[in-house]
Amino acid sequence: MMRLLVMGPPGAGKGTQCVKLAERFGVPHISSGDLFRHHISNKTELGVTVQKYLDSGEYVPDEITTEMVRKRLDEPDATAGFILDGYPRTTGQVGDLDSMLATTASGLNKVVVVEVPDDDLVARLAKRAREQGRADDDENVVRRRVEVYQEQTAPVLDLYKKRGQVVEVTGLGSVEDVFDRIVTAVGA
């Protein structure tokens, strides 16, 4: 059973790598960003609330994100494992995830951190904004998202490092090179 958490700042290539990892291991890719966009595009009450946070570059409150992830992890395809992308991002969310996984008697296998320098992140996201028309990839919002990521996820990484679960991988290079580094790092 493969249960991975993939972390990294916005634009590090987590989503691309998570899709490839999910295919490789035959488990779902569960992205908090995709869950957010689903609710936003369907104009649900939750989506309207989430949009306000994303537009300002702030994180969505833990209780909203946790409830969306909890529902997704309860779906049948996630019982054989999963690739988490974008959750948990705070120590509170780590506790929530630990509680969710405690009922299955199995925790995360590894926490993969995809590392990319800030200037490369901004350039990647500016390109994505042009190509996909994503308002959340405006340069000022991107820089704020990177700051928030660093402020709020550093304690999460410290916690997982203390547990001996973190593997760090450079996110520079081709998609295939990064994927190969991740697969090697998780020992699969």
# chains A, B, ... in the order shown; residues from 1 in each chain; ligands from 1

$ residues_around --residues "Asp62 (chain A)" --least-positions-apart "4" --cutoff "12 Å" --atoms "only C-alpha atoms" --output "number ranges by chain"
A: 32, 50, 53, 58, 66-70, 86-97, 152

$ closest_residue --among "A:Ala12, A:Met2, A:Leu35, A:Ala22" --to "Asp120 (chain A)" --atoms "only C-alpha atoms"
A:Ala12

$ closest_residue --among "A:Ala154, A:Leu46, A:Val146, A:Val175" --to "Pro10 (chain A)" --atoms "only C-alpha atoms"
A:Val146

$ select_by_dssp --residues "chain A" --states "strand (DSSP E or B)" --output "PyMOL selection string"
chain A and resi 2-7+29-31+81-85+110-115+166-170

$ select_by_dssp --residues "chain A" --states "alpha helix (DSSP H)" --output "VMD selection string"
chain A and resid 14 to 25 32 to 41 45 to 56 62 to 73 91 to 102 118 to 132 139 to 162 175 to 185

$ write_last_selection --atoms "C-alpha atoms" --output "compact mmCIF listing (two decimals), in the first residue's frame"
# COMPACT_ATOMS: atom_id res chain seq x y z
CA LYS A 14 3.88 18.60 -7.41
CA GLY A 15 0.69 18.10 -9.40
CA THR A 16 2.49 16.75 -12.44
CA GLN A 17 4.55 14.38 -10.32
CA CYS A 18 1.55 13.26 -8.27
CA VAL A 19 -0.36 12.28 -11.41
CA LYS A 20 2.61 10.18 -12.57
CA LEU A 21 3.03 8.62 -9.11
CA ALA A 22 -0.68 7.78 -8.91
CA GLU A 23 -0.46 6.04 -12.28
CA ARG A 24 2.71 4.19 -11.26
CA PHE A 25 1.25 2.90 -7.98
CA SER A 32 -6.49 19.92 -2.21
CA GLY A 33 -6.11 22.41 -5.07
CA ASP A 34 -8.19 20.19 -7.37
CA LEU A 35 -10.79 19.80 -4.64
CA PHE A 36 -10.88 23.59 -4.24
CA ARG A 37 -11.16 24.19 -8.01
CA HIS A 38 -13.96 21.60 -8.25
CA HIS A 39 -16.01 23.46 -5.66
CA ILE A 40 -15.19 26.85 -7.20
CA SER A 41 -16.15 25.78 -10.72
CA GLU A 45 -21.10 27.69 -1.08
CA LEU A 46 -17.79 26.14 -0.10
CA GLY A 47 -16.32 27.16 -3.46
CA VAL A 48 -17.28 30.81 -2.98
CA THR A 49 -15.62 30.80 0.45
CA VAL A 50 -12.51 29.06 -0.86
CA GLN A 51 -12.19 31.53 -3.76
CA LYS A 52 -11.86 34.48 -1.36
CA TYR A 53 -8.87 32.87 0.33
CA LEU A 54 -7.19 31.81 -2.91
CA ASP A 55 -7.60 35.25 -4.49
CA SER A 56 -5.68 36.82 -1.62
CA ASP A 62 -7.96 23.94 8.24
CA GLU A 63 -11.50 22.82 9.04
CA ILE A 64 -12.71 23.45 5.46
CA THR A 65 -9.74 21.73 3.84
CA THR A 66 -9.78 18.82 6.28
CA GLU A 67 -13.45 18.09 5.69
CA MET A 68 -12.93 17.99 1.91
CA VAL A 69 -9.93 15.67 2.27
CA ARG A 70 -11.70 13.44 4.82
CA LYS A 71 -14.59 12.90 2.42
CA ARG A 72 -12.20 12.09 -0.41
CA LEU A 73 -10.15 9.61 1.66
CA THR A 91 0.50 21.20 12.04
CA GLY A 92 -3.22 21.19 12.83
CA GLN A 93 -3.87 19.42 9.54
CA VAL A 94 -1.11 16.91 10.36
CA GLY A 95 -3.01 16.00 13.53
CA ASP A 96 -6.24 15.73 11.54
CA LEU A 97 -4.58 13.45 8.97
CA ASP A 98 -3.03 11.33 11.73
CA SER A 99 -6.52 10.88 13.20
CA MET A 100 -8.00 9.94 9.84
CA LEU A 101 -5.26 7.38 9.18
CA ALA A 102 -5.32 5.95 12.72
CA ASP A 118 11.77 30.99 -5.63
CA ASP A 119 12.68 32.79 -8.88
CA ASP A 120 12.13 29.58 -10.85
CA LEU A 121 8.75 29.16 -9.16
CA VAL A 122 7.62 32.66 -10.17
CA ALA A 123 8.75 32.10 -13.76
CA ARG A 124 6.95 28.73 -13.95
CA LEU A 125 3.74 30.13 -12.55
CA ALA A 126 3.81 33.22 -14.77
CA LYS A 127 4.05 30.87 -17.75
CA ARG A 128 1.18 28.73 -16.41
CA ALA A 129 -0.95 31.85 -15.87
CA ARG A 130 -0.45 32.86 -19.50
CA GLU A 131 -1.15 29.38 -20.84
CA GLN A 132 -4.09 28.47 -18.59
CA GLU A 139 3.04 37.37 -9.72
CA ASN A 140 2.10 39.21 -6.50
CA VAL A 141 -0.25 36.41 -5.46
CA VAL A 142 2.42 33.82 -6.34
CA ARG A 143 5.05 35.54 -4.21
CA ARG A 144 2.58 35.73 -1.32
CA ARG A 145 1.66 32.05 -1.74
CA VAL A 146 5.36 31.13 -1.59
CA GLU A 147 5.80 33.23 1.58
CA VAL A 148 2.76 31.63 3.20
CA TYR A 149 3.98 28.17 2.17
CA GLN A 150 7.36 28.81 3.80
CA GLU A 151 5.84 30.29 6.97
CA GLN A 152 3.15 27.70 7.52
CA THR A 153 4.65 24.49 6.18
CA ALA A 154 8.08 24.74 7.82
CA PRO A 155 6.64 23.38 11.09
CA VAL A 156 4.93 20.57 9.15
CA LEU A 157 8.20 19.57 7.53
CA ASP A 158 9.98 19.74 10.88
CA LEU A 159 7.39 17.41 12.38
CA TYR A 160 7.71 14.87 9.57
CA LYS A 161 11.52 15.16 9.67
CA LYS A 162 11.45 14.25 13.37
CA VAL A 175 9.52 15.84 -15.62
CA GLU A 176 10.97 12.36 -16.14
CA ASP A 177 14.18 13.17 -14.24
CA VAL A 178 12.23 14.52 -11.27
CA PHE A 179 9.90 11.50 -11.35
CA ASP A 180 12.86 9.09 -11.37
CA ARG A 181 14.39 10.93 -8.38
CA ILE A 182 11.12 10.64 -6.45
CA VAL A 183 10.64 6.94 -7.20
CA THR A 184 14.22 6.27 -6.12
CA ALA A 185 13.79 8.37 -2.97

$ atom_distance --atom1 "CA of Val113 (chain A)" --atom2 "CA of Gly164 (chain A)"
13.0 Å

$ atom_distance --atom1 "CA of Ser174 (chain A)" --atom2 "CA of Gly133 (chain A)"
23.4 Å

$ atom_distance --atom1 "CA of Gly171 (chain A)" --atom2 "CA of Met7 (chain A)"
11.0 Å

$ closest_atom_pairs --of "region 110-142 of chain A" --to "region 75-85 of chain A" --cutoff "12 Å" --atoms "only C-alpha atoms" --output "JSON lines"
{"residue": "A:Lys110", "atom": "CA", "partner": "A:Ile83", "partner_atom": "CA", "distance": 10.2}
{"residue": "A:Val111", "atom": "CA", "partner": "A:Leu84", "partner_atom": "CA", "distance": 9.4}
{"residue": "A:Val112", "atom": "CA", "partner": "A:Asp85", "partner_atom": "CA", "distance": 10.0}
{"residue": "A:Val113", "atom": "CA", "partner": "A:Asp85", "partner_atom": "CA", "distance": 10.6}
{"residue": "A:Val114", "atom": "CA", "partner": "A:Asp85", "partner_atom": "CA", "distance": 11.2}

$ closest_residue --among "A:Leu172, A:Lys43, A:Gly187, A:Asp74" --to "Asn109 (chain A)" --atoms "only C-alpha atoms"
A:Gly187
